[in-house]
file upload_1.tsv (TSV, C-alpha atoms and all ligand atoms)
chain	number	residue	atom	x	y	z
A	1267	MET	CA	130.04	200.30	115.82
A	1268	THR	CA	132.03	199.13	112.88
A	1269	ASP	CA	130.69	199.84	109.47
A	1270	THR	CA	130.47	196.34	108.00
A	1271	SER	CA	129.32	197.49	104.59
A	1272	THR	CA	132.76	198.75	103.67
A	1273	ALA	CA	134.87	196.20	105.69
A	1274	GLU	CA	136.68	193.88	103.33
A	1275	THR	CA	136.59	190.19	104.05
A	1276	PRO	CA	140.18	188.92	103.81
A	1277	LYS	CA	140.45	186.58	100.86
A	1278	LEU	CA	142.71	183.53	101.05
A	1279	GLU	CA	145.23	183.98	98.30
A	1280	THR	CA	147.15	180.90	97.18
A	1281	ASP	CA	150.09	181.41	94.96
A	1282	PRO	CA	149.57	179.55	91.61
A	1283	TYR	CA	152.95	177.89	92.06
A	1284	GLU	CA	151.92	176.57	95.49
A	1285	LYS	CA	148.56	175.45	94.11
A	1286	ARG	CA	150.31	173.42	91.43
A	1287	TRP	CA	152.43	171.62	94.05
A	1288	MET	CA	149.39	170.92	96.23
A	1289	PHE	CA	147.77	169.32	93.21
A	1290	ILE	CA	150.91	167.27	92.40
A	1291	SER	CA	151.12	166.03	96.03
A	1292	VAL	CA	147.56	164.73	95.84
A	1293	VAL	CA	148.25	163.02	92.49
A	1294	ILE	CA	151.37	161.33	93.94
A	1295	LEU	CA	149.34	160.04	96.92
A	1296	ILE	CA	146.69	158.61	94.56
A	1297	VAL	CA	149.40	156.92	92.43
A	1298	PHE	CA	150.98	155.36	95.56
A	1299	MET	CA	147.63	154.11	96.84
A	1300	ALA	CA	146.84	152.61	93.42
A	1301	THR	CA	150.28	150.93	93.28
A	1302	VAL	CA	149.86	149.31	96.71
A	1303	THR	CA	146.32	148.18	95.85
A	1304	VAL	CA	147.34	146.62	92.52
A	1305	ALA	CA	150.43	144.96	94.08
A	1306	GLY	CA	148.42	143.51	96.96
A	1307	PHE	CA	145.33	142.32	95.13
A	1308	ALA	CA	146.33	141.76	91.48
A	1309	LEU	CA	150.02	140.80	91.69
A	1310	GLY	CA	149.70	138.75	94.87
A	1311	PHE	CA	152.34	140.59	96.86
A	1312	GLN	CA	152.37	139.42	100.46
A	1313	VAL	CA	153.92	140.87	103.54
A	1314	PRO	CA	155.76	138.25	105.61
A	1315	GLY	CA	153.60	137.80	108.68
A	1316	ASP	CA	154.65	137.27	112.23
A	1317	GLU	CA	153.06	133.82	112.21
A	1318	SER	CA	153.90	132.79	115.77
A	1319	ARG	CA	156.45	133.05	118.53
A	1320	VAL	CA	158.88	130.29	119.46
A	1321	ASP	CA	161.73	129.93	121.92
A	1322	PRO	CA	164.94	130.07	119.85
A	1323	ARG	CA	166.78	128.00	122.50
A	1324	THR	CA	164.43	125.02	122.25
A	1325	VAL	CA	162.75	125.36	118.83
A	1326	ALA	CA	165.19	122.98	117.09
A	1327	ASP	CA	164.18	120.20	119.50
A	1328	SER	CA	160.43	120.71	119.41
A	1329	PRO	CA	158.05	119.54	116.64
A	1330	PRO	CA	157.61	120.34	113.83
A	1331	TRP	CA	161.04	122.01	113.83
A	1332	SER	CA	162.81	118.97	115.29
A	1333	GLU	CA	162.34	117.41	111.84
A	1334	PRO	CA	162.88	120.30	109.45
A	1335	GLY	CA	161.68	119.69	105.91
A	1336	ILE	CA	158.64	119.30	103.73
A	1337	ARG	CA	155.18	118.01	104.75
A	1338	ASP	CA	152.65	116.85	102.17
A	1339	LEU	CA	149.28	118.28	103.19
A	1340	GLY	CA	147.43	116.75	100.20
A	1341	ASN	CA	145.83	118.42	97.16
A	1342	GLY	CA	149.19	119.79	96.01
A	1343	GLU	CA	149.66	121.75	99.25
A	1344	TYR	CA	152.87	121.52	101.20
A	1345	ALA	CA	154.35	123.03	104.35
A	1346	ALA	CA	158.11	123.52	104.58
A	1347	TYR	CA	159.69	123.98	108.02
A	1348	VAL	CA	163.11	125.57	107.73
A	1349	ILE	CA	165.61	126.31	110.50
A	1350	SER	CA	168.25	128.98	109.94
A	1351	ARG	CA	171.42	128.85	111.96
A	1352	GLN	CA	175.00	130.05	111.54
A	1353	TYR	CA	175.77	129.04	108.82
A	1354	LEU	CA	173.26	126.78	107.18
A	1355	PHE	CA	169.63	126.16	106.45
A	1356	GLN	CA	168.02	122.93	107.59
A	1357	PRO	CA	167.07	121.27	105.30
A	1358	ARG	CA	169.50	122.19	102.54
A	1359	GLU	CA	167.22	120.77	99.89
A	1360	ILE	CA	163.46	120.64	99.40
A	1361	THR	CA	161.84	118.68	96.56
A	1362	VAL	CA	158.26	119.19	95.41
A	1363	PRO	CA	156.36	118.28	92.23
A	1364	GLU	CA	155.46	121.00	89.75
A	1365	GLY	CA	152.14	122.70	90.45
A	1366	SER	CA	152.70	122.61	94.23
A	1367	THR	CA	151.71	125.35	96.63
A	1368	VAL	CA	154.30	125.55	99.38
A	1369	THR	CA	154.02	127.54	102.60
A	1370	PHE	CA	157.41	128.23	104.17
A	1371	TYR	CA	157.71	128.53	107.96
A	1372	VAL	CA	161.19	129.79	108.70
A	1373	THR	CA	162.77	130.57	112.05
A	1374	SER	CA	166.24	131.15	113.48
A	1375	VAL	CA	167.97	129.56	116.47
A	1376	ASP	CA	170.71	132.16	116.83
A	1377	VAL	CA	170.96	135.52	115.08
A	1378	GLN	CA	168.96	137.40	112.48
A	1379	HIS	CA	169.04	135.83	109.01
A	1380	GLY	CA	167.34	136.35	105.67
A	1381	PHE	CA	165.43	133.91	103.46
A	1382	LYS	CA	165.32	134.91	99.80
A	1383	LEU	CA	163.93	132.39	97.34
A	1384	GLN	CA	165.16	133.11	93.84
A	1385	ASP	CA	162.67	133.81	91.04
A	1386	THR	CA	159.76	134.11	93.47
A	1387	ASN	CA	158.47	136.98	95.56
A	1388	VAL	CA	159.62	135.26	98.79
A	1389	ASN	CA	162.09	137.48	100.66
A	1390	MET	CA	161.76	137.34	104.43
A	1391	GLN	CA	163.64	138.54	107.44
A	1392	ILE	CA	164.24	135.69	109.90
A	1393	VAL	CA	164.27	136.87	113.48
A	1394	PRO	CA	165.13	134.56	116.40
A	1395	GLY	CA	162.00	133.81	118.39
A	1396	GLU	CA	159.64	134.50	115.50
A	1397	VAL	CA	158.31	132.41	112.64
A	1398	SER	CA	158.19	134.02	109.20
A	1399	LYS	CA	155.63	132.61	106.80
A	1400	LEU	CA	155.03	133.03	103.06
A	1401	THR	CA	153.28	130.93	100.43
A	1402	VAL	CA	154.46	130.38	96.87
A	1403	GLU	CA	153.18	128.37	93.90
A	1404	PHE	CA	155.66	126.46	91.77
A	1405	ASP	CA	154.09	126.16	88.32
A	1406	GLU	CA	157.22	125.31	86.35
A	1407	PRO	CA	159.84	122.62	86.94
A	1408	GLY	CA	163.27	123.91	87.88
A	1409	GLU	CA	165.53	124.81	90.77
A	1410	HIS	CA	165.24	127.83	93.07
A	1411	LEU	CA	168.10	128.68	95.40
A	1412	TYR	CA	167.27	130.05	98.82
A	1413	ILE	CA	169.94	132.25	100.23
A	1414	CYS	CA	170.58	134.15	103.44
A	1415	ASN	CA	170.56	137.79	102.40
A	1416	GLU	CA	171.12	139.27	105.84
A	1417	PHE	CA	174.77	139.33	106.90
A	1418	CYS	CA	174.98	136.93	109.86
A	1419	GLY	CA	178.69	136.34	110.38
A	1420	ILE	CA	181.84	134.94	108.86
A	1421	GLY	CA	180.16	131.96	107.13
A	1422	HIS	CA	177.25	133.99	105.74
A	1423	ALA	CA	178.19	133.35	102.08
A	1424	ALA	CA	177.90	129.59	102.58
A	1425	MET	CA	174.31	129.83	103.77
A	1426	PHE	CA	172.04	128.57	101.03
A	1427	GLY	CA	169.84	125.69	99.93
A	1428	SER	CA	167.56	124.83	97.06
A	1429	VAL	CA	163.99	124.01	96.19
A	1430	ILE	CA	163.83	121.48	93.38
A	1431	VAL	CA	160.57	121.48	91.46
A	1432	GLU	CA	160.22	118.17	89.64
A	1433	ALA	CA	158.35	117.80	86.37
A	1434	THR	CA	155.28	115.61	86.68
A	1435	THR	CA	154.78	112.99	83.98
A	1436	GLY	CA	151.05	113.63	83.78
A	1437	GLY	CA	150.23	110.01	84.72
A	1438	ASN	CA	151.50	108.40	81.48
B	1501	CU	CU	172.67	134.07	107.55
call {"tool": "encode", "arguments": {"input": "upload_1.tsv", "output": "structure tokens"}}
result
Amino acid sequence: MTDTSTAETPKLETDPYEKRWMFISVVILIVFMATVTVAGFALGFQVPGDESRVDPRTVADSPPWSEPGIRDLGNGEYAAYVISRQYLFQPREITVPEGSTVTFYVTSVDVQHGFKLQDTNVNMQIVPGEVSKLTVEFDEPGEHLYICNEFCGIGHAAMFGSVIVEATTGGN
């Protein structure tokens, strides 16, 4: 029989240097989790959702895409249906009053495009067959360009449009 009274239990030795790095790794994870939580809940960051599927061959002829543009949903809410194709956005211009909340539904009829709306957090990838959706509030009057930021061919640089936010007179 083994004499257990003198047998030494092996002790797990961790090098202090390694311990320090284990601690730092945990701190980094906590910082990342906090950043994502604050961005998502306090700063209103949204991930472009795969809203629905469409057939890129027929989407331009079927409602609501057959008439791309803005829809007034009442109470300052709007829906904007945008078609991306080589090399333009339809429509090229969208006008809303200040204080509007606009949900963009963007799809492509040919290749992959991008939809970046300046001075907002809207920046979506536009994939043929899918509808990308994001909502933005326009509190100040002004103009926001939307540009294709995904190289889509020779005319890529000409692919842009603008959202014009008009000042409201306040009923005077
Ligand atoms: Cu493009």
call {"tool": "residues_near_ligand", "arguments": {"input": "upload_1.tsv", "ligand": "ligand CU 1501 (chain B)", "cutoff": "9 Å", "atoms": "all atoms listed in the file", "output": "MDAnalysis selection string"}}
result
chainID A and resid 1350:1355 1377:1381 1392 1413:1419 1421:1426
call {"tool": "residues_around", "arguments": {"input": "upload_1.tsv", "residues": "A:Glu1432", "least_positions_apart": "2", "cutoff": "12 Å", "atoms": "all atoms listed in the file", "output": "list of chain:residue names"}}
result
A:Ile1360, A:Thr1361, A:Val1362, A:Pro1363, A:Glu1364, A:Gly1365, A:Ser1366, A:Phe1404, A:Asp1405, A:Glu1406, A:Pro1407, A:Gly1408, A:Glu1409, A:His1410, A:Val1429, A:Ile1430, A:Thr1434, A:Thr1435, A:Gly1436
call {"tool": "residues_around", "arguments": {"input": "upload_1.tsv", "residues": "A:Thr1324", "least_positions_apart": "3", "cutoff": "12 Å", "atoms": "only C-alpha atoms", "output": "PyMOL selection string"}}
result
chain A and resi 1319-1321+1327-1332+1349+1373-1376+1394-1395
call {"tool": "atom_distance", "arguments": {"input": "upload_1.tsv", "atom1": "atom CA of A:Ser1291", "atom2": "atom CA of A:Gly1310"}}
result
27.3 Å
call {"tool": "residues_around", "arguments": {"input": "upload_1.tsv", "residues": "A:Tyr1412", "least_positions_apart": "6", "cutoff": "6 Å", "atoms": "only C-alpha atoms", "output": "ChimeraX atom specification"}}
result
/A:1382-1383,1426-1428
call {"tool": "atom_distance", "arguments": {"input": "upload_1.tsv", "atom1": "atom CA of A:Ile1290", "atom2": "atom CA of A:Lys1277"}}
result
23.5 Å
call {"tool": "atom_distance", "arguments": {"input": "upload_1.tsv", "atom1": "atom CA of A:Val1397", "atom2": "atom CA of A:Tyr1371"}}
result
6.1 Å
call {"tool": "residues_around", "arguments": {"input": "upload_1.tsv", "residues": "A:Thr1367", "least_positions_apart": "6", "cutoff": "12 Å", "atoms": "all atoms listed in the file", "output": "MDAnalysis selection string"}}
result
chainID A and resid 1336:1346 1400:1406 1431
call {"tool": "write_last_selection", "arguments": {"input": "upload_1.tsv", "atoms": "C-alpha atoms", "output": "PDB file, keeping the file's coordinate frame"}}
result
ATOM      1  CA  ILE A1336     158.640 119.300 103.730  1.00  0.00           C
ATOM      2  CA  ARG A1337     155.180 118.010 104.750  1.00  0.00           C
ATOM      3  CA  ASP A1338     152.650 116.850 102.170  1.00  0.00           C
ATOM      4  CA  LEU A1339     149.280 118.280 103.190  1.00  0.00           C
ATOM      5  CA  GLY A1340     147.430 116.750 100.200  1.00  0.00           C
ATOM      6  CA  ASN A1341     145.830 118.420  97.160  1.00  0.00           C
ATOM      7  CA  GLY A1342     149.190 119.790  96.010  1.00  0.00           C
ATOM      8  CA  GLU A1343     149.660 121.750  99.250  1.00  0.00           C
ATOM      9  CA  TYR A1344     152.870 121.520 101.200  1.00  0.00           C
ATOM     10  CA  ALA A1345     154.350 123.030 104.350  1.00  0.00           C
ATOM     11  CA  ALA A1346     158.110 123.520 104.580  1.00  0.00           C
ATOM     12  CA  LEU A1400     155.030 133.030 103.060  1.00  0.00           C
ATOM     13  CA  THR A1401     153.280 130.930 100.430  1.00  0.00           C
ATOM     14  CA  VAL A1402     154.460 130.380  96.870  1.00  0.00           C
ATOM     15  CA  GLU A1403     153.180 128.370  93.900  1.00  0.00           C
ATOM     16  CA  PHE A1404     155.660 126.460  91.770  1.00  0.00           C
ATOM     17  CA  ASP A1405     154.090 126.160  88.320  1.00  0.00           C
ATOM     18  CA  GLU A1406     157.220 125.310  86.350  1.00  0.00           C
ATOM     19  CA  VAL A1431     160.570 121.480  91.460  1.00  0.00           C
TER      20      VAL A1431
END
call {"tool": "closest_residue", "arguments": {"input": "upload_1.tsv", "among": "A:Ala1326, A:Met1390, A:Ile1296, A:Ala1433", "to": "A:Gln1312", "atoms": "only C-alpha atoms"}}
result
A:Met1390
call {"tool": "decode", "arguments": {"input": "upload_1.tsv", "residues": "stretch 1277-1381 of chain A", "atoms": "C-alpha atoms", "output": "JSON list (two decimals), in the first residue's frame"}}
result
[["chain", "number", "residue", "atom", "x", "y", "z"],
["A", 1277, "LYS", "CA", 0.11, 21.76, -6.84],
["A", 1278, "LEU", "CA", -0.94, 23.66, -9.96],
["A", 1279, "GLU", "CA", 1.68, 26.30, -10.46],
["A", 1280, "THR", "CA", 0.81, 29.22, -12.71],
["A", 1281, "ASP", "CA", 3.56, 31.50, -13.77],
["A", 1282, "PRO", "CA", 2.85, 35.10, -12.57],
["A", 1283, "TYR", "CA", 3.42, 36.34, -16.10],
["A", 1284, "GLU", "CA", 0.80, 33.91, -17.45],
["A", 1285, "LYS", "CA", -1.59, 34.86, -14.64],
["A", 1286, "ARG", "CA", -1.31, 38.51, -15.60],
["A", 1287, "TRP", "CA", -2.22, 37.72, -19.22],
["A", 1288, "MET", "CA", -5.17, 35.56, -18.17],
["A", 1289, "PHE", "CA", -6.42, 38.52, -16.15],
["A", 1290, "ILE", "CA", -5.91, 40.94, -19.07],
["A", 1291, "SER", "CA", -7.81, 38.60, -21.45],
["A", 1292, "VAL", "CA", -10.81, 38.59, -19.12],
["A", 1293, "VAL", "CA", -10.70, 42.40, -18.81],
["A", 1294, "ILE", "CA", -10.60, 42.76, -22.62],
["A", 1295, "LEU", "CA", -13.65, 40.46, -22.96],
["A", 1296, "ILE", "CA", -15.56, 42.54, -20.38],
["A", 1297, "VAL", "CA", -14.64, 45.79, -22.20],
["A", 1298, "PHE", "CA", -15.83, 44.33, -25.55],
["A", 1299, "MET", "CA", -19.11, 43.13, -24.05],
["A", 1300, "ALA", "CA", -19.68, 46.55, -22.46],
["A", 1301, "THR", "CA", -18.92, 48.30, -25.77],
["A", 1302, "VAL", "CA", -21.41, 46.16, -27.72],
["A", 1303, "THR", "CA", -24.07, 46.64, -25.03],
["A", 1304, "VAL", "CA", -23.66, 50.43, -24.91],
["A", 1305, "ALA", "CA", -23.59, 50.67, -28.75],
["A", 1306, "GLY", "CA", -26.71, 48.55, -29.13],
["A", 1307, "PHE", "CA", -28.87, 49.97, -26.35],
["A", 1308, "ALA", "CA", -27.61, 53.52, -25.66],
["A", 1309, "LEU", "CA", -26.26, 54.67, -29.04],
["A", 1310, "GLY", "CA", -28.95, 52.99, -31.12],
["A", 1311, "PHE", "CA", -26.62, 51.01, -33.35],
["A", 1312, "GLN", "CA", -28.56, 48.60, -35.54],
["A", 1313, "VAL", "CA", -27.48, 45.67, -37.58],
["A", 1314, "PRO", "CA", -29.01, 45.69, -41.08],
["A", 1315, "GLY", "CA", -31.52, 42.86, -41.00],
["A", 1316, "ASP", "CA", -32.37, 40.41, -43.71],
["A", 1317, "GLU", "CA", -35.90, 41.81, -43.89],
["A", 1318, "SER", "CA", -37.26, 39.55, -46.63],
["A", 1319, "ARG", "CA", -36.40, 37.72, -49.81],
["A", 1320, "VAL", "CA", -37.36, 38.89, -53.28],
["A", 1321, "ASP", "CA", -36.71, 37.67, -56.81],
["A", 1322, "PRO", "CA", -34.13, 40.06, -58.29],
["A", 1323, "ARG", "CA", -35.41, 39.33, -61.82],
["A", 1324, "THR", "CA", -38.96, 40.49, -61.11],
["A", 1325, "VAL", "CA", -38.66, 42.78, -58.06],
["A", 1326, "ALA", "CA", -38.52, 46.00, -60.14],
["A", 1327, "ASP", "CA", -41.94, 45.16, -61.63],
["A", 1328, "SER", "CA", -43.70, 44.12, -58.44],
["A", 1329, "PRO", "CA", -45.15, 46.46, -55.78],
["A", 1330, "PRO", "CA", -43.95, 48.30, -53.79],
["A", 1331, "TRP", "CA", -40.70, 48.24, -55.77],
["A", 1332, "SER", "CA", -42.41, 48.97, -59.10],
["A", 1333, "GLU", "CA", -42.84, 52.51, -57.77],
["A", 1334, "PRO", "CA", -39.62, 53.17, -55.88],
["A", 1335, "GLY", "CA", -39.72, 56.16, -53.54],
["A", 1336, "ILE", "CA", -41.13, 57.47, -50.31],
["A", 1337, "ARG", "CA", -44.42, 56.47, -48.62],
["A", 1338, "ASP", "CA", -46.00, 58.62, -45.92],
["A", 1339, "LEU", "CA", -47.19, 56.28, -43.17],
["A", 1340, "GLY", "CA", -48.52, 59.12, -40.97],
["A", 1341, "ASN", "CA", -47.28, 60.43, -37.60],
["A", 1342, "GLY", "CA", -43.95, 61.47, -39.12],
["A", 1343, "GLU", "CA", -43.15, 57.90, -40.19],
["A", 1344, "TYR", "CA", -42.04, 57.12, -43.71],
["A", 1345, "ALA", "CA", -40.98, 54.08, -45.70],
["A", 1346, "ALA", "CA", -38.50, 54.51, -48.54],
["A", 1347, "TYR", "CA", -38.25, 51.78, -51.19],
["A", 1348, "VAL", "CA", -34.98, 52.01, -53.07],
["A", 1349, "ILE", "CA", -33.79, 49.89, -56.00],
["A", 1350, "SER", "CA", -30.07, 49.62, -56.70],
["A", 1351, "ARG", "CA", -28.93, 48.74, -60.17],
["A", 1352, "GLN", "CA", -25.82, 49.30, -62.27],
["A", 1353, "TYR", "CA", -25.32, 52.26, -62.02],
["A", 1354, "LEU", "CA", -28.00, 54.18, -60.24],
["A", 1355, "PHE", "CA", -30.37, 54.27, -57.31],
["A", 1356, "GLN", "CA", -34.08, 54.58, -57.94],
["A", 1357, "PRO", "CA", -35.21, 57.10, -56.80],
["A", 1358, "ARG", "CA", -32.28, 59.50, -57.04],
["A", 1359, "GLU", "CA", -33.89, 61.90, -54.60],
["A", 1360, "ILE", "CA", -36.03, 61.50, -51.50],
["A", 1361, "THR", "CA", -37.61, 64.48, -49.73],
["A", 1362, "VAL", "CA", -38.95, 64.36, -46.17],
["A", 1363, "PRO", "CA", -39.79, 67.03, -43.59],
["A", 1364, "GLU", "CA", -37.52, 67.51, -40.60],
["A", 1365, "GLY", "CA", -38.37, 65.31, -37.63],
["A", 1366, "SER", "CA", -39.24, 62.34, -39.86],
["A", 1367, "THR", "CA", -38.46, 58.74, -39.07],
["A", 1368, "VAL", "CA", -37.63, 56.94, -42.30],
["A", 1369, "THR", "CA", -37.23, 53.19, -42.76],
["A", 1370, "PHE", "CA", -35.22, 52.32, -45.85],
["A", 1371, "TYR", "CA", -35.94, 49.08, -47.73],
["A", 1372, "VAL", "CA", -33.19, 48.63, -50.26],
["A", 1373, "THR", "CA", -32.68, 45.81, -52.74],
["A", 1374, "SER", "CA", -30.65, 45.12, -55.88],
["A", 1375, "VAL", "CA", -31.74, 43.84, -59.28],
["A", 1376, "ASP", "CA", -28.29, 42.85, -60.51],
["A", 1377, "VAL", "CA", -25.07, 42.67, -58.50],
["A", 1378, "GLN", "CA", -24.04, 43.43, -54.94],
["A", 1379, "HIS", "CA", -24.15, 47.13, -54.04],
["A", 1380, "GLY", "CA", -23.74, 49.25, -50.94],
["A", 1381, "PHE", "CA", -26.03, 51.89, -49.42]]
